[in-house]
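K.L.:
Starting off with a structure, shown below.
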Amino acid sequence: MSRKDISDRAVVAAAWSFQHRNRYGEMKYGTDILADITGEPLKVCEAAYKRAMSRGLIECGVTLRTAWPTPEGLELLKAE
């Protein structure tokens, strides 16, 4: 259980998924989606979100849980 076990791509994918799923009524935050995908605890997923934000792959307004991918993050999703 470590932040290093979660890839930046998984974080960006979870943030993208949060932004698009909420439009259709699902109310899981990006960090919750990431925890479901990876099986890691929420605290570890939040740390991975912070790492991705410091690398400029996601950004947020009020709370990290509602982050969205930056253009650089979207490029990471397309590249892999």
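Lettering and numbering for the structure tokens are positional, with chains as A, B, ... in the shown order, residues counted from 1 in each chain, and ligands counted from 1 in the shown order.
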Could you name the residues that touch Asp5 of chain A at 10 Å or less, counting only C-alpha atoms, but leaving out those on the same chain fewer than 5 positions away, as an MDAnalysis selection string?
P.N.:
chainID A and resid 38 40 44:45 48
K.L.:
So that I can check the surroundings of Phe18 of chain A, please list as a PyMOL selection string every protein, DNA and RNA residue that reaches within 8 Å of it, counting only C-alpha atoms and ignoring chain neighbours fewer than 3 positions away.
P.N.:
chain A and resi 14-15+21-22+28-30+33+66+68
K.L.:
Extract the full set of strand (DSSP E) residues from chain A according to DSSP on the backbone, and format it as a ChimeraX atom specification.
P.N.:
/A:58-59,68-69
K.L.:
Enter the distance from atom CA of Leu64 of chain A to atom CA of Tyr49 of chain A, in Å, rounded to one decimal.
P.N.:
7.3 Å
K.L.:
Using only C-alpha atoms, which residue out of A:Leu34, A:Ala79, A:Met27, A:Ala67 lies closest to Val11 of chain A?
P.N.:
A:Leu34
K.L.:
In Å, with one decimal, what is the gap from atom CA of Glu46 of chain A to atom CA of Ile6 of chain A?
P.N.:
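Computed distance, atom CA of Glu46 of chain A to atom CA of Ile6 of chain A, equals 10.6 Å.
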K.L.:
From the options A:Thr70, A:Ser54, A:Ser2, A:Ser17, which residue's atoms come nearest to Asp32 of chain A, counting only C-alpha atoms?
P.N.:
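Nearest to Asp32 of chain A: A:Ser17.
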K.L.:
May I have the residues within 12 Å of Leu76 of chain A as a list in words, using only C-alpha atoms and disregarding those fewer than 4 positions away in the same chain?
P.N.:
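Surrounding residues, per the criterion: Ser7, Asp8, Arg9, Ala10, Val11, Val12, Ala13, Trp16, Ala52, Arg55, Gly56, Leu57, Ile58, Pro69, Thr70, Pro71, Glu72 and Glu80 of chain A.
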K.L.:
The selected residues should be written to file as a tab-separated table (two decimals), in the first residue's frame (atoms: N, CA and C atoms).
P.N.:
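out_15.tsv, freshly written:
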```tsv
chain	number	residue	atom	x	y	z
A	7	SER	N	-0.25	4.63	-10.70
A	7	SER	CA	0.36	5.39	-11.79
A	7	SER	C	-0.33	6.74	-11.98
A	8	ASP	N	0.41	7.67	-12.58
A	8	ASP	CA	-0.18	8.97	-12.90
A	8	ASP	C	-1.32	8.80	-13.90
A	9	ARG	N	-1.16	7.86	-14.79
A	9	ARG	CA	-2.21	7.60	-15.79
A	9	ARG	C	-3.51	7.18	-15.10
A	10	ALA	N	-3.42	6.35	-14.07
A	10	ALA	CA	-4.62	5.91	-13.34
A	10	ALA	C	-5.29	7.09	-12.65
A	11	VAL	N	-4.50	7.99	-12.12
A	11	VAL	CA	-5.04	9.19	-11.45
A	11	VAL	C	-5.78	10.05	-12.46
A	12	VAL	N	-5.16	10.31	-13.60
A	12	VAL	CA	-5.78	11.15	-14.62
A	12	VAL	C	-7.05	10.48	-15.15
A	13	ALA	N	-7.01	9.17	-15.32
A	13	ALA	CA	-8.19	8.44	-15.79
A	13	ALA	C	-9.33	8.55	-14.78
A	16	TRP	N	-10.75	12.09	-15.00
A	16	TRP	CA	-11.54	12.21	-16.22
A	16	TRP	C	-12.89	11.51	-16.03
A	52	ALA	N	0.09	13.88	-8.62
A	52	ALA	CA	-0.27	14.21	-10.00
A	52	ALA	C	-0.53	15.70	-10.17
A	55	ARG	N	2.65	17.57	-10.45
A	55	ARG	CA	3.27	17.33	-11.76
A	55	ARG	C	2.51	18.01	-12.89
A	56	GLY	N	1.41	18.68	-12.56
A	56	GLY	CA	0.64	19.42	-13.56
A	56	GLY	C	-0.26	18.56	-14.42
A	57	LEU	N	-0.63	17.37	-13.95
A	57	LEU	CA	-1.47	16.48	-14.73
A	57	LEU	C	-2.96	16.64	-14.42
A	58	ILE	N	-3.27	17.14	-13.22
A	58	ILE	CA	-4.64	17.45	-12.84
A	58	ILE	C	-4.63	18.79	-12.11
A	69	PRO	N	-8.59	16.69	-15.35
A	69	PRO	CA	-7.31	16.58	-16.06
A	69	PRO	C	-6.93	17.89	-16.75
A	70	THR	N	-5.65	18.18	-16.76
A	70	THR	CA	-5.13	19.32	-17.52
A	70	THR	C	-4.87	18.83	-18.95
A	71	PRO	N	-4.56	19.73	-19.86
A	71	PRO	CA	-4.19	19.29	-21.21
A	71	PRO	C	-3.01	18.30	-21.20
A	72	GLU	N	-2.06	18.52	-20.29
A	72	GLU	CA	-0.92	17.59	-20.18
A	72	GLU	C	-1.39	16.21	-19.71
A	80	GLU	N	-0.69	6.60	-23.88
A	80	GLU	CA	-0.53	5.21	-23.44
A	80	GLU	C	-1.68	4.35	-23.87
```
